[in-house]
Amino acid sequence: MIQLKRVYQEPGPRDGMRILVDRLWPRGVKKEAARIQEWRKDLAPSDSLRRWFKHDPEKWSEFRKRYRKELSGGNNKEELRRLAGLAKRKRITLIYGAADEEHNHAVVLKELLNELT
């Protein structure tokens with residue numbers, strides 16, 4: 001099972017394995033308080049894509065396409081398969097910092113991982 005949670009929300013016992021999927025560490029969050037087991041910066045959108053998107057809902061459809069294309073390259077395929085396999089065995093929570101809970105890269109990443117499970 002894969003779920004999403006903002007890093008600014010309290011960690012909970014139902015979170016399972018907490019994986020931060022942002023390129024930058026979230027402001028004002030202490031590492032101990034976040035209870036992150038893995039930090040997968042490499043699965044976050046590139047700086048150029050992140051800056052282009054700026055969490056603009058009007059760019060959402062195009063952002064999804066571009067981000068999925070980024071995820072299809074390099075060593076990402078192996079990592080995505082590993083996380084999808086992990087999600088089959090236990091609950092994982094993708095942790096992100098974006099304020100918009102509907103239009104952010106973690107939503108796209110979860111969709112992609114669910115397709116692989």
# chains A, B, ... in the order shown; residues from 1 in each chain; ligands from 1
call {"tool": "select_by_dssp", "arguments": {"residues": "chain A", "states": "strand (DSSP E or B)", "output": "number ranges by chain"}}
result
A: 2-6, 17-20, 38-39, 92-96
call {"tool": "residues_around", "arguments": {"residues": "Ser46 in chain A", "least_positions_apart": "4", "cutoff": "12 Å", "atoms": "only C-alpha atoms", "output": "MDAnalysis selection string"}}
result
chainID A and resid 21:24 41:42 50:53 63 66:71 105
call {"tool": "residues_around", "arguments": {"residues": "range 74-91 of chain A", "least_positions_apart": "4", "cutoff": "6 Å", "atoms": "only C-alpha atoms", "output": "list in words"}}
result
Met1, Ile2, Gly16, Leu113, Leu116 and Thr117 of chain A
call {"tool": "write_last_selection", "arguments": {"atoms": "all heavy atoms", "output": "PDB file, in the first residue's frame"}}
result
ATOM      1  N   MET A   1       0.837  -1.183   0.000  1.00  0.00           N
ATOM      2  CA  MET A   1       0.000   0.000   0.000  1.00  0.00           C
ATOM      3  C   MET A   1       0.879   1.242   0.000  1.00  0.00           C
ATOM      4  O   MET A   1       1.885   1.310   0.692  1.00  0.00           O
ATOM      5  CB  MET A   1      -0.902  -0.008   1.224  1.00  0.00           C
ATOM      6  CG  MET A   1      -1.721   1.248   1.344  1.00  0.00           C
ATOM      7  SD  MET A   1      -2.779   1.206   2.772  1.00  0.00           S
ATOM      8  CE  MET A   1      -3.833   2.542   2.361  1.00  0.00           C
ATOM      9  N   ILE A   2       0.474   2.215  -0.773  1.00  0.00           N
ATOM     10  CA  ILE A   2       1.217   3.465  -0.890  1.00  0.00           C
ATOM     11  C   ILE A   2       0.288   4.610  -0.496  1.00  0.00           C
ATOM     12  O   ILE A   2      -0.829   4.706  -0.995  1.00  0.00           O
ATOM     13  CB  ILE A   2       1.722   3.685  -2.323  1.00  0.00           C
ATOM     14  CG1 ILE A   2       2.587   2.516  -2.771  1.00  0.00           C
ATOM     15  CG2 ILE A   2       2.489   5.003  -2.422  1.00  0.00           C
ATOM     16  CD1 ILE A   2       2.872   2.485  -4.258  1.00  0.00           C
ATOM     17  N   GLY A  16       3.860   3.474   8.202  1.00  0.00           N
ATOM     18  CA  GLY A  16       4.778   2.462   7.692  1.00  0.00           C
ATOM     19  C   GLY A  16       6.130   3.088   7.419  1.00  0.00           C
ATOM     20  O   GLY A  16       6.603   3.933   8.175  1.00  0.00           O
ATOM     21  N   LEU A 113       3.921   4.209  -9.252  1.00  0.00           N
ATOM     22  CA  LEU A 113       4.225   3.042  -8.421  1.00  0.00           C
ATOM     23  C   LEU A 113       3.042   2.077  -8.362  1.00  0.00           C
ATOM     24  O   LEU A 113       3.227   0.862  -8.416  1.00  0.00           O
ATOM     25  CB  LEU A 113       4.633   3.472  -7.015  1.00  0.00           C
ATOM     26  CG  LEU A 113       5.985   4.175  -6.906  1.00  0.00           C
ATOM     27  CD1 LEU A 113       6.185   4.717  -5.501  1.00  0.00           C
ATOM     28  CD2 LEU A 113       7.116   3.239  -7.299  1.00  0.00           C
ATOM     29  N   LEU A 116       2.916  -0.153 -11.267  1.00  0.00           N
ATOM     30  CA  LEU A 116       3.938  -1.195 -11.242  1.00  0.00           C
ATOM     31  C   LEU A 116       3.631  -2.322 -10.256  1.00  0.00           C
ATOM     32  O   LEU A 116       4.297  -3.350 -10.292  1.00  0.00           O
ATOM     33  CB  LEU A 116       5.306  -0.588 -10.910  1.00  0.00           C
ATOM     34  CG  LEU A 116       5.870   0.408 -11.921  1.00  0.00           C
ATOM     35  CD1 LEU A 116       7.119   1.058 -11.374  1.00  0.00           C
ATOM     36  CD2 LEU A 116       6.144  -0.292 -13.240  1.00  0.00           C
ATOM     37  N   THR A 117       2.653  -2.098  -9.371  1.00  0.00           N
ATOM     38  CA  THR A 117       2.340  -3.144  -8.374  1.00  0.00           C
ATOM     39  C   THR A 117       1.316  -4.120  -8.886  1.00  0.00           C
ATOM     40  O   THR A 117       0.615  -3.893  -9.813  1.00  0.00           O
ATOM     41  CB  THR A 117       1.848  -2.546  -7.036  1.00  0.00           C
ATOM     42  OG1 THR A 117       0.716  -1.707  -7.276  1.00  0.00           O
ATOM     43  CG2 THR A 117       2.936  -1.774  -6.353  1.00  0.00           C
TER      44      THR A 117
END
call {"tool": "residues_around", "arguments": {"residues": "Glu10 in chain A", "least_positions_apart": "6", "cutoff": "10 Å", "atoms": "only C-alpha atoms", "output": "list in words"}}
result
Ala33, Ala34 and Arg35 of chain A
call {"tool": "select_by_dssp", "arguments": {"residues": "chain A", "states": "helix (DSSP H, G or I)", "output": "JSON, numbers by chain"}}
result
{"A": [13, 14, 15, 31, 32, 33, 34, 41, 42, 43, 47, 48, 49, 50, 51, 52, 53, 57, 58, 59, 60, 61, 62, 63, 64, 65, 66, 67, 68, 69, 70, 71, 76, 77, 78, 79, 80, 81, 82, 83, 84, 85, 86, 87, 88, 89, 105, 106, 107, 108, 109, 110, 111, 112, 113, 114, 115, 116]}
call {"tool": "closest_residue", "arguments": {"among": "A:Arg40, A:Arg6, A:His103, A:Arg14", "to": "Arg64 in chain A", "atoms": "only C-alpha atoms"}}
result
A:His103
call {"tool": "closest_residue", "arguments": {"among": "A:Leu109, A:Val29, A:Leu20, A:Leu43", "to": "Lys5 in chain A", "atoms": "only C-alpha atoms"}}
result
A:Leu20
call {"tool": "atom_distance", "arguments": {"atom1": "CA of Trp39 in chain A", "atom2": "CA of Gly12 in chain A"}}
result
17.8 Å
call {"tool": "residues_around", "arguments": {"residues": "Glu38 in chain A", "least_positions_apart": "5", "cutoff": "10 Å", "atoms": "only C-alpha atoms", "output": "list of chain:residue names"}}
result
A:Met17, A:Arg18, A:Ile19, A:Leu20, A:Val21, A:Leu94, A:Ile95
call {"tool": "write_last_selection", "arguments": {"atoms": "N, CA and C atoms", "output": "PDB file, in the first residue's frame"}}
result
ATOM      1  N   MET A  17       6.747   2.714   6.314  1.00  0.00           N
ATOM      2  CA  MET A  17       8.058   3.260   5.939  1.00  0.00           C
ATOM      3  C   MET A  17       7.859   4.640   5.325  1.00  0.00           C
ATOM      4  N   ARG A  18       8.512   5.643   5.898  1.00  0.00           N
ATOM      5  CA  ARG A  18       8.364   7.033   5.447  1.00  0.00           C
ATOM      6  C   ARG A  18       9.528   7.383   4.524  1.00  0.00           C
ATOM      7  N   ILE A  19       9.188   7.747   3.279  1.00  0.00           N
ATOM      8  CA  ILE A  19      10.198   8.033   2.257  1.00  0.00           C
ATOM      9  C   ILE A  19      10.002   9.457   1.761  1.00  0.00           C
ATOM     10  N   LEU A  20      10.980  10.316   2.029  1.00  0.00           N
ATOM     11  CA  LEU A  20      10.939  11.688   1.538  1.00  0.00           C
ATOM     12  C   LEU A  20      11.301  11.683   0.061  1.00  0.00           C
ATOM     13  N   VAL A  21      10.461  12.312  -0.763  1.00  0.00           N
ATOM     14  CA  VAL A  21      10.689  12.303  -2.214  1.00  0.00           C
ATOM     15  C   VAL A  21      10.892  13.714  -2.761  1.00  0.00           C
ATOM     16  N   LEU A  94       4.854   8.160   0.979  1.00  0.00           N
ATOM     17  CA  LEU A  94       5.693   9.114   0.270  1.00  0.00           C
ATOM     18  C   LEU A  94       5.493  10.472   0.926  1.00  0.00           C
ATOM     19  N   ILE A  95       6.569  11.039   1.403  1.00  0.00           N
ATOM     20  CA  ILE A  95       6.538  12.297   2.135  1.00  0.00           C
ATOM     21  C   ILE A  95       6.994  13.416   1.208  1.00  0.00           C
TER      22      ILE A  95
END
call {"tool": "atom_distance", "arguments": {"atom1": "CA of Glu101 in chain A", "atom2": "CA of Lys65 in chain A"}}
result
18.2 Å
call {"tool": "atom_distance", "arguments": {"atom1": "CA of Gln9 in chain A", "atom2": "CA of Glu62 in chain A"}}
result
28.3 Å
call {"tool": "closest_residue", "arguments": {"among": "A:Ser72, A:Gln37, A:Gly97, A:Asn104", "to": "Lys59 in chain A", "atoms": "only C-alpha atoms"}}
result
A:Asn104
